[in-house]
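start.txt follows (compact mmCIF, C-alpha atoms):
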```txt
# COMPACT_ATOMS: atom_id res chain seq x y z
CA MET A 1438 7.91 20.55 20.04
CA LYS A 1439 10.02 20.43 16.92
CA ILE A 1440 9.48 17.28 14.87
CA VAL A 1441 11.58 17.00 11.74
CA ILE A 1442 10.85 14.57 8.93
CA ILE A 1443 14.03 13.97 6.97
CA LYS A 1444 13.49 14.86 3.34
CA TYR A 1445 15.35 12.76 0.80
CA ASN A 1446 14.78 10.96 -2.48
CA ALA A 1447 12.81 8.01 -1.04
CA GLY A 1448 9.95 9.57 0.77
CA ASN A 1449 6.33 8.84 1.45
CA ILE A 1450 6.72 12.08 3.30
CA GLN A 1451 3.27 13.50 2.68
CA SER A 1452 1.54 10.55 4.37
CA VAL A 1453 3.73 10.81 7.46
CA LYS A 1454 3.16 14.55 7.61
CA PHE A 1455 -0.62 14.16 7.38
CA ALA A 1456 -0.58 11.45 10.07
CA LEU A 1457 1.23 13.82 12.43
CA ASN A 1458 -1.20 16.60 11.50
CA ARG A 1459 -4.02 14.34 12.66
CA LEU A 1460 -2.24 14.14 16.03
CA GLY A 1461 -2.20 17.94 16.13
CA ILE A 1462 1.47 18.26 15.21
CA GLU A 1463 2.93 20.35 12.40
CA PRO A 1464 6.24 18.72 11.47
CA ILE A 1465 9.07 20.34 9.55
CA VAL A 1466 10.10 18.51 6.40
CA SER A 1467 13.75 19.24 5.84
CA ASP A 1468 17.13 18.00 4.67
CA ASN A 1469 18.87 20.90 6.40
CA VAL A 1470 21.49 19.67 8.87
CA ASN A 1471 20.78 22.37 11.48
CA ASP A 1472 17.06 21.66 11.36
CA ILE A 1473 17.67 17.96 11.88
CA LEU A 1474 20.24 18.38 14.66
CA SER A 1475 18.05 20.84 16.57
CA ALA A 1476 14.86 18.74 16.36
CA ASP A 1477 13.25 17.23 19.47
CA LYS A 1478 12.31 14.15 17.48
CA VAL A 1479 13.41 12.99 14.05
CA ILE A 1480 11.40 10.82 11.68
CA PHE A 1481 13.27 9.04 8.92
CA PRO A 1482 10.68 7.69 6.45
CA GLY A 1483 11.29 5.98 3.16
CA VAL A 1484 9.85 3.96 0.36
CA GLY A 1485 12.01 2.86 -2.50
CA GLU A 1486 15.29 1.20 -3.29
CA ALA A 1487 18.11 0.94 -0.71
CA SER A 1488 21.25 1.69 -2.72
CA SER A 1489 19.95 4.81 -4.48
CA ALA A 1490 18.53 6.12 -1.18
CA MET A 1491 21.82 5.46 0.60
CA ASN A 1492 23.83 7.13 -2.19
CA TYR A 1493 21.65 10.19 -1.92
CA LEU A 1494 22.05 10.34 1.87
CA LYS A 1495 25.83 10.04 1.51
CA GLU A 1496 25.96 12.74 -1.13
CA LYS A 1497 24.24 15.10 1.29
CA GLN A 1498 26.24 13.66 4.21
CA LEU A 1499 22.95 12.96 5.92
CA ASP A 1500 24.17 9.46 6.83
CA GLN A 1501 26.75 11.02 9.15
CA VAL A 1502 24.20 13.46 10.56
CA ILE A 1503 21.72 10.67 11.35
CA LYS A 1504 24.42 8.62 13.08
CA GLN A 1505 25.18 11.44 15.52
CA LEU A 1506 21.59 12.10 16.58
CA LYS A 1507 20.93 11.90 20.32
CA GLN A 1508 17.21 12.68 20.27
CA PRO A 1509 14.59 9.97 19.58
CA VAL A 1510 14.71 8.86 15.93
CA LEU A 1511 12.04 6.76 14.21
CA GLY A 1512 12.93 5.03 10.96
CA ILE A 1513 9.95 3.84 8.93
CA CYS A 1514 10.09 1.03 6.35
CA LEU A 1515 13.13 1.74 4.15
CA GLY A 1516 14.17 4.27 6.81
CA MET A 1517 14.38 1.42 9.33
CA GLN A 1518 16.29 -0.76 6.88
CA LEU A 1519 18.81 1.99 6.20
CA LEU A 1520 19.50 2.17 9.95
CA CYS A 1521 20.66 -1.48 9.83
CA LYS A 1522 24.15 -2.75 8.94
CA HIS A 1523 23.76 -3.96 5.39
CA SER A 1524 21.05 -4.60 2.80
CA GLU A 1525 21.04 -7.26 0.13
CA GLU A 1526 19.10 -4.77 -2.00
CA GLY A 1527 21.81 -3.40 -4.28
CA ASP A 1528 24.44 -4.89 -1.86
CA THR A 1529 24.30 -1.70 0.19
CA ASN A 1530 26.26 -0.80 3.28
CA CYS A 1531 23.81 1.09 5.48
CA ILE A 1532 24.08 3.44 8.44
CA GLY A 1533 24.72 0.64 10.93
CA ILE A 1534 22.78 1.52 14.08
CA PHE A 1535 20.82 -1.72 14.43
CA ASP A 1536 22.49 -5.10 14.58
CA ALA A 1537 20.42 -6.51 11.70
CA GLU A 1538 20.97 -7.57 8.11
CA ILE A 1539 18.39 -6.79 5.44
CA LYS A 1540 17.60 -9.81 3.28
CA LYS A 1541 15.21 -10.53 0.44
CA PHE A 1542 12.11 -12.65 1.06
CA ASN A 1543 12.83 -15.82 -0.85
CA PHE A 1544 10.13 -18.47 -0.81
CA GLY A 1545 10.64 -20.39 -4.02
CA LYS A 1546 8.28 -20.79 -6.92
CA ASP A 1547 5.72 -23.10 -5.32
CA SER A 1548 5.06 -20.90 -2.32
CA GLU A 1549 1.73 -19.13 -2.04
CA LEU A 1550 3.49 -16.22 -0.35
CA LYS A 1551 3.81 -13.20 -2.62
CA VAL A 1552 6.74 -10.82 -2.71
CA PRO A 1553 6.57 -7.98 -1.84
CA GLN A 1554 4.45 -8.56 1.21
CA ILE A 1555 1.61 -6.07 0.81
CA GLY A 1556 -1.04 -5.73 3.47
CA TRP A 1557 -1.89 -6.16 7.12
CA ASN A 1558 0.06 -8.51 9.33
CA LYS A 1559 0.40 -9.10 13.08
CA ILE A 1560 3.14 -7.80 15.35
CA PHE A 1561 4.01 -9.78 18.48
CA ASN A 1562 6.64 -10.20 21.24
CA LEU A 1563 6.32 -6.45 21.74
CA LYS A 1564 9.13 -5.11 23.91
CA SER A 1565 9.10 -1.34 24.08
CA ASP A 1566 7.12 1.67 25.32
CA LEU A 1567 6.69 2.43 21.64
CA PHE A 1568 3.89 -0.18 21.77
CA LYS A 1569 2.15 1.12 24.89
CA GLY A 1570 -1.59 0.71 24.34
CA ILE A 1571 -1.05 -1.61 21.36
CA LYS A 1572 -2.03 -5.22 21.90
CA GLU A 1573 0.05 -8.29 21.10
CA LYS A 1574 -0.97 -9.47 17.62
CA ASP A 1575 -2.44 -6.15 16.59
CA TYR A 1576 -2.30 -5.57 12.83
CA MET A 1577 -0.05 -3.11 11.04
CA TYR A 1578 0.22 -2.29 7.33
CA PHE A 1579 3.32 -3.60 5.55
CA VAL A 1580 4.72 -3.08 2.06
CA HIS A 1581 8.16 -4.61 1.61
CA GLY A 1582 10.18 -7.18 -0.27
CA TYR A 1583 13.17 -7.16 2.10
CA TYR A 1584 13.24 -7.84 5.85
CA ALA A 1585 15.45 -7.47 8.91
CA ASN A 1586 16.47 -10.69 10.66
CA LEU A 1587 15.79 -11.28 14.36
CA CYS A 1588 18.56 -9.85 16.54
CA ASN A 1589 19.31 -8.35 19.95
CA ASP A 1590 17.66 -5.09 18.92
CA THR A 1591 14.35 -6.73 17.94
CA ILE A 1592 11.36 -5.21 19.78
CA ALA A 1593 8.57 -6.67 17.63
CA VAL A 1594 8.29 -9.80 15.51
CA THR A 1595 6.17 -10.57 12.44
CA ASP A 1596 5.65 -13.87 10.66
CA TYR A 1597 5.73 -13.93 6.88
CA GLY A 1598 7.08 -17.34 5.92
CA ILE A 1599 9.70 -16.75 8.61
CA ASN A 1600 9.79 -14.70 11.81
CA TYR A 1601 11.58 -11.41 11.28
CA SER A 1602 12.06 -8.06 13.04
CA SER A 1603 9.10 -5.79 12.41
CA ALA A 1604 10.55 -3.24 14.85
CA LEU A 1605 14.02 -2.52 16.22
CA ASN A 1606 15.39 -0.33 18.99
CA LYS A 1607 18.86 0.67 20.07
CA ASN A 1608 19.34 3.55 22.52
CA ASN A 1609 17.50 6.56 21.05
CA PHE A 1610 16.94 4.87 17.68
CA PHE A 1611 13.69 3.12 16.78
CA GLY A 1612 12.75 1.50 13.52
CA VAL A 1613 9.50 -0.03 12.26
CA GLN A 1614 9.14 -2.07 9.09
CA PHE A 1615 5.42 -1.35 8.82
CA HIS A 1616 3.81 2.01 8.06
CA PRO A 1617 2.31 3.46 11.26
CA GLU A 1618 1.03 6.39 9.21
CA LYS A 1619 -1.13 3.92 7.27
CA SER A 1620 -2.00 1.48 10.05
CA ALA A 1621 -5.31 2.91 11.24
CA GLU A 1622 -5.73 3.38 15.02
CA ALA A 1623 -2.84 1.09 16.04
CA GLY A 1624 -0.47 3.13 13.90
CA GLU A 1625 -1.72 6.39 15.36
CA ILE A 1626 -1.10 5.10 18.90
CA LEU A 1627 2.46 4.19 17.93
CA LEU A 1628 3.18 7.61 16.45
CA ALA A 1629 1.70 9.31 19.52
CA ASN A 1630 3.92 7.11 21.74
CA PHE A 1631 6.99 8.09 19.75
CA ILE A 1632 6.13 11.78 20.05
CA LYS A 1633 5.95 11.32 23.85
CA MET A 1634 9.40 9.66 24.04
CA MET B 1467 -0.04 -14.39 8.63
CA LEU B 1468 -0.82 -11.71 6.13
CA THR B 1469 -4.53 -10.92 5.98
CA LYS B 1470 -6.81 -10.89 2.99
CA ARG B 1471 -7.86 -7.33 2.24
CA ILE B 1472 -11.29 -5.80 1.73
CA ILE B 1473 -11.10 -2.79 -0.57
CA PRO B 1474 -14.01 -0.47 -1.31
CA CYS B 1475 -13.63 1.27 -4.64
CA LEU B 1476 -14.86 4.79 -5.22
CA ASP B 1477 -15.42 5.85 -8.82
CA ILE B 1478 -14.98 9.59 -9.02
CA LYS B 1479 -16.58 11.90 -11.54
CA ASP B 1480 -16.30 15.66 -11.17
CA GLY B 1481 -15.34 15.22 -7.53
CA ARG B 1482 -18.34 13.00 -6.65
CA THR B 1483 -18.56 9.26 -6.09
CA VAL B 1484 -20.45 7.43 -8.79
CA LYS B 1485 -21.06 3.82 -9.65
CA GLY B 1486 -21.88 2.38 -13.04
CA VAL B 1487 -23.43 -0.96 -13.85
CA ASN B 1488 -21.50 -2.90 -16.49
CA PHE B 1489 -19.33 0.19 -16.98
CA GLU B 1490 -22.39 2.36 -17.75
CA ASN B 1491 -25.49 3.94 -16.15
CA ILE B 1492 -23.75 6.21 -13.69
CA ARG B 1493 -25.47 6.83 -10.33
CA ASP B 1494 -24.44 9.40 -7.72
CA ALA B 1495 -23.18 7.92 -4.43
CA GLY B 1496 -21.92 10.91 -2.46
CA ASP B 1497 -18.85 12.85 -1.36
CA PRO B 1498 -15.70 10.73 -1.73
CA VAL B 1499 -13.97 12.02 1.38
CA GLU B 1500 -17.03 11.42 3.58
CA LEU B 1501 -17.43 7.94 2.14
CA ALA B 1502 -13.72 7.25 2.59
CA ILE B 1503 -13.89 8.19 6.27
CA ARG B 1504 -16.95 6.00 6.74
CA TYR B 1505 -15.16 3.03 5.17
CA CYS B 1506 -12.12 3.52 7.40
CA LYS B 1507 -14.36 3.42 10.45
CA GLU B 1508 -16.10 0.30 9.18
CA GLY B 1509 -12.71 -1.42 8.91
CA ALA B 1510 -11.75 -1.20 5.23
CA ASP B 1511 -8.17 -2.36 4.72
CA GLU B 1512 -7.43 -0.07 1.83
CA LEU B 1513 -9.28 2.18 -0.62
CA VAL B 1514 -9.17 2.64 -4.37
CA PHE B 1515 -10.25 5.84 -6.12
CA LEU B 1516 -10.77 5.70 -9.86
CA ASP B 1517 -11.26 8.99 -11.65
CA ILE B 1518 -13.48 7.95 -14.53
CA THR B 1519 -13.51 11.35 -16.19
CA ALA B 1520 -9.83 12.08 -15.79
CA THR B 1521 -8.61 14.47 -18.44
CA ASN B 1522 -5.66 16.80 -18.43
CA GLU B 1523 -7.76 19.77 -17.31
CA LYS B 1524 -9.11 17.74 -14.42
CA ARG B 1525 -5.71 16.64 -13.17
CA LYS B 1526 -5.39 19.50 -10.70
CA THR B 1527 -8.85 18.84 -9.26
CA LEU B 1528 -7.89 15.20 -8.78
CA SER B 1529 -4.64 16.02 -6.98
CA GLU B 1530 -6.54 18.36 -4.65
CA LEU B 1531 -9.05 15.63 -3.90
CA VAL B 1532 -6.20 13.16 -3.30
CA SER B 1533 -4.62 15.55 -0.85
CA ARG B 1534 -7.92 15.96 0.99
CA ILE B 1535 -8.36 12.20 1.16
CA ALA B 1536 -4.80 11.70 2.44
CA GLN B 1537 -5.33 14.26 5.18
CA ASN B 1538 -8.46 12.52 6.39
CA ILE B 1539 -7.81 8.78 6.29
CA ASN B 1540 -5.28 6.56 8.05
CA ILE B 1541 -5.18 3.55 5.71
CA PRO B 1542 -3.48 3.14 2.33
CA PHE B 1543 -5.16 4.18 -0.88
CA THR B 1544 -4.65 3.84 -4.61
CA VAL B 1545 -5.59 6.42 -7.22
CA GLY B 1546 -6.22 5.65 -10.87
CA GLY B 1547 -7.87 6.90 -14.01
CA GLY B 1548 -6.32 8.46 -17.07
CA ILE B 1549 -2.78 8.44 -15.71
CA SER B 1550 -0.36 8.34 -18.59
CA SER B 1551 3.00 9.74 -17.53
CA VAL B 1552 5.57 9.59 -14.75
CA GLU B 1553 4.78 13.26 -14.08
CA ASP B 1554 1.10 12.43 -13.44
CA VAL B 1555 2.20 9.73 -11.02
CA SER B 1556 4.61 12.02 -9.26
CA VAL B 1557 1.90 14.65 -8.67
CA LEU B 1558 -0.48 12.08 -7.16
CA LEU B 1559 2.14 10.47 -4.92
CA ASN B 1560 3.24 13.89 -3.73
CA SER B 1561 -0.38 14.72 -2.96
CA GLY B 1562 -0.44 11.74 -0.59
CA ALA B 1563 -1.55 8.73 -2.66
CA ASP B 1564 0.20 5.49 -1.69
CA LYS B 1565 -0.19 3.75 -5.01
CA VAL B 1566 -1.20 4.68 -8.53
CA SER B 1567 -3.02 2.37 -10.90
CA VAL B 1568 -2.48 2.42 -14.64
CA ASN B 1569 -4.52 0.68 -17.29
CA THR B 1570 -4.90 1.71 -20.95
CA SER B 1571 -1.85 3.99 -20.96
CA ALA B 1572 0.36 1.17 -19.65
CA PHE B 1573 -0.95 -1.24 -22.26
CA LYS B 1574 -0.19 1.24 -25.02
CA ASN B 1575 3.16 2.17 -23.50
CA PRO B 1576 4.43 -0.67 -21.28
CA GLN B 1577 7.61 1.29 -20.60
CA LEU B 1578 5.47 3.47 -18.31
CA ILE B 1579 5.33 0.58 -15.82
CA ALA B 1580 9.10 0.18 -15.87
CA ASP B 1581 9.63 3.93 -15.50
CA MET B 1582 7.21 4.16 -12.58
CA ALA B 1583 8.83 1.19 -10.84
CA ALA B 1584 12.31 2.60 -11.36
CA GLN B 1585 11.41 6.02 -10.08
CA PHE B 1586 8.97 5.28 -7.26
CA GLY B 1587 9.32 1.55 -6.58
CA SER B 1588 7.11 -1.38 -7.59
CA GLN B 1589 5.12 -1.12 -4.35
CA CYS B 1590 3.21 1.88 -5.71
CA VAL B 1591 2.56 0.53 -9.21
CA VAL B 1592 -0.83 -1.15 -9.58
CA LEU B 1593 -1.58 -2.58 -13.00
CA ALA B 1594 -5.34 -2.47 -13.57
CA ILE B 1595 -6.57 -4.96 -16.16
CA ASP B 1596 -10.14 -4.98 -17.46
CA THR B 1597 -10.87 -8.36 -18.94
CA LYS B 1598 -13.74 -10.11 -20.67
CA PHE B 1599 -14.32 -13.78 -21.44
CA GLU B 1600 -14.95 -14.19 -25.15
CA ASP B 1601 -14.34 -16.95 -27.68
CA GLY B 1602 -12.97 -19.27 -25.02
CA ASP B 1603 -10.50 -16.96 -23.32
CA TRP B 1604 -10.05 -13.85 -21.21
CA TYR B 1605 -8.95 -10.83 -23.26
CA VAL B 1606 -7.69 -7.42 -22.20
CA TYR B 1607 -10.03 -4.49 -22.84
CA LEU B 1608 -8.99 -0.85 -22.89
CA ASN B 1609 -10.60 2.58 -22.49
CA GLY B 1610 -12.92 1.61 -19.68
CA GLY B 1611 -14.00 -1.55 -21.43
CA LYS B 1612 -14.76 -0.01 -24.81
CA VAL B 1613 -11.86 -1.31 -26.87
CA LYS B 1614 -11.02 -4.98 -27.29
CA THR B 1615 -7.45 -6.19 -27.73
CA GLU B 1616 -6.13 -9.53 -28.91
CA THR B 1617 -3.97 -9.89 -25.80
CA LYS B 1618 -4.91 -12.45 -23.18
CA ALA B 1619 -5.25 -11.17 -19.63
CA LEU B 1620 -2.82 -13.74 -18.24
CA ASP B 1621 -0.10 -12.77 -20.73
CA TRP B 1622 -0.50 -9.07 -19.99
CA ALA B 1623 -0.49 -9.66 -16.24
CA LYS B 1624 2.76 -11.63 -16.47
CA GLU B 1625 4.34 -9.00 -18.71
CA GLY B 1626 3.21 -6.20 -16.39
CA VAL B 1627 4.78 -7.91 -13.39
CA ARG B 1628 7.98 -8.52 -15.33
CA LEU B 1629 8.11 -4.80 -16.10
CA GLY B 1630 7.68 -3.87 -12.45
CA ALA B 1631 4.00 -3.82 -11.46
CA GLY B 1632 3.68 -4.51 -7.73
CA GLU B 1633 0.04 -5.53 -7.78
CA ILE B 1634 -2.63 -6.55 -10.29
CA LEU B 1635 -6.15 -5.14 -10.05
CA LEU B 1636 -8.19 -7.54 -12.14
CA THR B 1637 -11.71 -6.52 -13.16
CA SER B 1638 -13.94 -8.97 -14.96
CA MET B 1639 -16.29 -7.07 -17.26
CA ASN B 1640 -18.55 -10.12 -17.48
CA ASN B 1641 -19.09 -9.96 -13.74
CA ASP B 1642 -18.86 -6.24 -13.01
CA GLY B 1643 -22.18 -4.82 -11.86
CA THR B 1644 -23.95 -8.18 -11.96
CA LYS B 1645 -23.70 -8.96 -8.22
CA ALA B 1646 -23.37 -12.60 -9.25
CA GLY B 1647 -19.90 -13.15 -7.78
CA PHE B 1648 -16.28 -12.56 -8.81
CA ALA B 1649 -14.65 -14.26 -11.80
CA ASN B 1650 -12.81 -16.80 -9.69
CA ASP B 1651 -11.36 -18.85 -12.53
CA ILE B 1652 -9.34 -16.07 -14.18
CA THR B 1653 -8.48 -14.56 -10.80
CA LYS B 1654 -7.05 -17.90 -9.66
CA LEU B 1655 -5.19 -18.44 -12.92
CA ILE B 1656 -3.48 -15.07 -12.71
CA SER B 1657 -2.88 -15.23 -8.97
CA GLU B 1658 -1.12 -18.57 -9.31
CA ASN B 1659 1.00 -17.35 -12.19
CA VAL B 1660 2.32 -14.03 -10.95
CA SER B 1661 4.50 -13.30 -7.94
CA VAL B 1662 2.59 -10.20 -6.82
CA PRO B 1663 -0.77 -9.79 -5.07
CA VAL B 1664 -3.95 -9.92 -7.15
CA ILE B 1665 -7.01 -7.85 -6.29
CA ALA B 1666 -10.26 -9.41 -7.53
CA SER B 1667 -12.80 -6.91 -8.81
CA GLY B 1668 -16.25 -7.03 -10.36
CA GLY B 1669 -19.31 -8.97 -9.33
CA ALA B 1670 -19.53 -8.74 -5.55
CA GLY B 1671 -23.11 -9.18 -4.40
CA THR B 1672 -23.02 -11.25 -1.23
CA MET B 1673 -20.60 -12.03 1.59
CA GLU B 1674 -20.21 -15.53 0.19
CA HIS B 1675 -18.79 -14.00 -3.01
CA PHE B 1676 -15.90 -12.49 -1.06
CA LYS B 1677 -15.21 -15.82 0.61
CA ASP B 1678 -15.15 -17.48 -2.82
CA ALA B 1679 -12.79 -14.85 -4.22
CA PHE B 1680 -10.28 -15.71 -1.50
CA MET B 1681 -10.78 -19.48 -1.29
CA LYS B 1682 -11.56 -20.36 -4.92
CA GLY B 1683 -10.10 -17.34 -6.70
CA LYS B 1684 -6.91 -17.26 -4.58
CA ALA B 1685 -7.23 -13.49 -4.54
CA ASP B 1686 -5.11 -11.51 -2.09
CA ALA B 1687 -7.71 -8.78 -1.87
CA ALA B 1688 -11.27 -8.24 -3.03
CA LEU B 1689 -12.62 -4.97 -4.30
CA ALA B 1690 -16.21 -3.83 -4.52
CA ALA B 1691 -18.15 -0.62 -4.87
CA SER B 1692 -21.93 -0.59 -4.90
CA VAL B 1693 -22.54 -3.21 -2.20
CA PHE B 1694 -20.61 -0.93 0.15
CA HIS B 1695 -21.83 2.44 -1.15
CA PHE B 1696 -25.47 1.58 -0.83
CA GLY B 1697 -25.03 -0.15 2.52
CA GLU B 1698 -25.99 -3.60 1.30
CA ILE B 1699 -22.91 -5.08 2.95
CA ASN B 1700 -21.34 -3.60 6.07
CA ILE B 1701 -17.57 -4.02 5.95
CA ASN B 1702 -17.18 -4.85 9.61
CA HIS B 1703 -19.90 -7.48 9.43
CA LEU B 1704 -18.37 -8.92 6.26
CA LYS B 1705 -14.99 -9.20 7.96
CA GLN B 1706 -16.50 -10.98 10.97
CA VAL B 1707 -18.16 -13.49 8.67
CA LEU B 1708 -14.93 -14.07 6.72
CA ARG B 1709 -12.93 -14.57 9.88
CA ASN B 1710 -15.50 -17.09 11.06
CA SER B 1711 -14.77 -18.96 7.83
CA ASN B 1712 -11.12 -19.22 8.91
CA ILE B 1713 -9.89 -16.59 6.51
CA GLU B 1714 -7.12 -14.39 7.91
CA ILE B 1715 -8.77 -10.99 8.37
CA ARG B 1716 -7.92 -7.83 10.31
CA LEU B 1717 -10.60 -6.92 12.81
```

Can I see the file as structure tokens?
Amino acid sequence: MKIVIIKYNAGNIQSVKFALNRLGIEPIVSDNVNDILSADKVIFPGVGEASSAMNYLKEKQLDQVIKQLKQPVLGICLGMQLLCKHSEEGDTNCIGIFDAEIKKFNFGKDSELKVPQIGWNKIFNLKSDLFKGIKEKDYMYFVHGYYANLCNDTIAVTDYGINYSSALNKNNFFGVQFHPEKSAEAGEILLANFIKM
Amino acid sequence: MLTKRIIPCLDIKDGRTVKGVNFENIRDAGDPVELAIRYCKEGADELVFLDITATNEKRKTLSELVSRIAQNINIPFTVGGGISSVEDVSVLLNSGADKVSVNTSAFKNPQLIADMAAQFGSQCVVLAIDTKFEDGDWYVYLNGGKVKTETKALDWAKEGVRLGAGEILLTSMNNDGTKAGFANDITKLISENVSVPVIASGGAGTMEHFKDAFMKGKADAALAASVFHFGEININHLKQVLRNSNIEIRL
């Protein structure tokens, strides 16, 4: 099976690669269009800032390539956000697969909630085979200051001051706000489920 | 609800885990990768590796160790110790570290924090502050606690966050190695005055101390070394006890 991790300027690529290695898979890390188009599964990771990541993707025309993909695609963290319509971060128009807007957590000065959210939080209202073997309210590891609102494509919800989409799905596209590659056993189950899609 | 995090810290010297008492008297505590795997299995939420002998010649050894750690564990980890440039940070992140902590070098060159945040994002920038209570206030210490500054810990924490630090790792030198509990007063003061998570460090001796760090110290995470290394506190057991105290904990 050919698993391609899209290489671009906002990667935590090494962690994702090692996580797949632990599942016995040797992924290809590439920004080559033919590699990506011919993959069985595509992983679109990302940590960083939305507008600079989106500019880079556009420069390499990877935004158009990603849009056309027919095989299962998994966006992780910023990767998921870039698959949404628009992000408040740098007022960025994104790839537009998922019907969600990316907004900044805004709790006001007196709130005890810190931004970014860093750490383990629960996922619930799970609605996809991506979560097969993962229990309602299992914990995943999150690091983010922006979130996707709830929408028709929501397949998992997390509560951090408000309820938001911690996972999204539309057709062959999946996105998770948390880091499955850093979420201990629950994250490994999710990655294994994606590989089986 | 976001959970409070339990973070074992592994001090690394020449590729081995060591633990000092009050920043001195180094004892050997085993292979870092083996220990890291054990902690993951016990339910650690995150790990911190501090290279206490980091020098330029050692940098390659450290990045190899980081890569070996990243291959073997499935939770996030931070690497720190002697990191003084964006290039150093880049090497460690590319080796598989999730976050990098900076201390003395960031104090001497605060622009480093801004540069790291701009290039890699605030989420991977941990500002480590060693602090000591003296003459009525908490002051920043540098070089592993050897050099005193006139800057107050709270002021430096605020400035670090303004520059782009995504987390504060606060070690009280008065408490470190004493097993008498965390410095909850300064932890609370900083936690309530910065917008990013604060990791309490130094002084863990009992399970009650962790509870106090979260409830009294308002810490987002608590870090400890020797109580975990020498098996005095089992992480899973600790987390059960904390959850029974109505603290949000991942089990």

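A straight line drawn from atom CA of B:Leu1531 to atom CA of A:Arg1459 is 17.4 Å long.
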
* To do: Give me the residues within 9 Å of B:Ala1580 as a list in words, counting only C-alpha atoms and dropping any in the same chain fewer than 4 places off.
  =>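 Returned residues: Pro1576, Ala1584, Gln1585, Ser1588, Gly1626, Arg1628, Leu1629, Gly1630 and Ala1631 of chain B.
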
Pull the closest atom pair for each residue of chain A that gets at most 8 Å from chain B, along with the distance in Å to one decimal, counting only C-alpha atoms, ordering rows by chain and then ascending residue number, as JSON lines.
```
{"residue": "A:Ala1447", "atom": "CA", "partner": "B:Phe1586", "partner_atom": "CA", "distance": 7.8}
{"residue": "A:Asn1449", "atom": "CA", "partner": "B:Gly1562", "partner_atom": "CA", "distance": 7.6}
{"residue": "A:Gln1451", "atom": "CA", "partner": "B:Gly1562", "partner_atom": "CA", "distance": 5.2}
{"residue": "A:Ser1452", "atom": "CA", "partner": "B:Gly1562", "partner_atom": "CA", "distance": 5.5}
{"residue": "A:Phe1455", "atom": "CA", "partner": "B:Gln1537", "partner_atom": "CA", "distance": 5.2}
{"residue": "A:Ala1456", "atom": "CA", "partner": "B:Asn1540", "partner_atom": "CA", "distance": 7.1}
{"residue": "A:Asn1458", "atom": "CA", "partner": "B:Gln1537", "partner_atom": "CA", "distance": 7.9}
{"residue": "A:Arg1459", "atom": "CA", "partner": "B:Gln1537", "partner_atom": "CA", "distance": 7.6}
{"residue": "A:Val1484", "atom": "CA", "partner": "B:Gly1587", "partner_atom": "CA", "distance": 7.4}
{"residue": "A:Gly1485", "atom": "CA", "partner": "B:Gly1587", "partner_atom": "CA", "distance": 5.1}
{"residue": "A:Glu1486", "atom": "CA", "partner": "B:Gly1587", "partner_atom": "CA", "distance": 6.8}
{"residue": "A:Glu1549", "atom": "CA", "partner": "B:Glu1658", "partner_atom": "CA", "distance": 7.8}
{"residue": "A:Lys1551", "atom": "CA", "partner": "B:Val1662", "partner_atom": "CA", "distance": 5.3}
{"residue": "A:Val1552", "atom": "CA", "partner": "B:Val1662", "partner_atom": "CA", "distance": 5.9}
{"residue": "A:Pro1553", "atom": "CA", "partner": "B:Val1662", "partner_atom": "CA", "distance": 6.8}
{"residue": "A:Gln1554", "atom": "CA", "partner": "B:Leu1468", "partner_atom": "CA", "distance": 7.9}
{"residue": "A:Ile1555", "atom": "CA", "partner": "B:Pro1663", "partner_atom": "CA", "distance": 7.4}
{"residue": "A:Gly1556", "atom": "CA", "partner": "B:Leu1468", "partner_atom": "CA", "distance": 6.5}
{"residue": "A:Trp1557", "atom": "CA", "partner": "B:Thr1469", "partner_atom": "CA", "distance": 5.6}
{"residue": "A:Asn1558", "atom": "CA", "partner": "B:Leu1468", "partner_atom": "CA", "distance": 4.6}
{"residue": "A:Lys1559", "atom": "CA", "partner": "B:Met1467", "partner_atom": "CA", "distance": 6.9}
{"residue": "A:Tyr1576", "atom": "CA", "partner": "B:Arg1716", "partner_atom": "CA", "distance": 6.6}
{"residue": "A:Val1580", "atom": "CA", "partner": "B:Gln1589", "partner_atom": "CA", "distance": 6.7}
{"residue": "A:His1581", "atom": "CA", "partner": "B:Gln1589", "partner_atom": "CA", "distance": 7.5}
{"residue": "A:Asp1596", "atom": "CA", "partner": "B:Met1467", "partner_atom": "CA", "distance": 6.1}
{"residue": "A:Tyr1597", "atom": "CA", "partner": "B:Met1467", "partner_atom": "CA", "distance": 6.0}
{"residue": "A:Glu1618", "atom": "CA", "partner": "B:Asn1540", "partner_atom": "CA", "distance": 6.4}
{"residue": "A:Lys1619", "atom": "CA", "partner": "B:Ile1541", "partner_atom": "CA", "distance": 4.4}
{"residue": "A:Ser1620", "atom": "CA", "partner": "B:Ile1541", "partner_atom": "CA", "distance": 5.8}
{"residue": "A:Ala1621", "atom": "CA", "partner": "B:Asn1540", "partner_atom": "CA", "distance": 4.8}
{"residue": "A:Glu1622", "atom": "CA", "partner": "B:Asn1540", "partner_atom": "CA", "distance": 7.7}
```

* Out of B:Ser1550, B:Gly1671, B:Val1606, B:Lys1677, which residue has the shortest atom-to-atom distance to B:Ser1692 when counting all atoms listed in the file? -> B:Gly1671

* **Closest of B:Gly1496, B:Gly1602, B:Gly1481, B:Gly1546 to B:Thr1527 - atom-to-atom distances counting all atoms listed in the file** => B:Gly1481
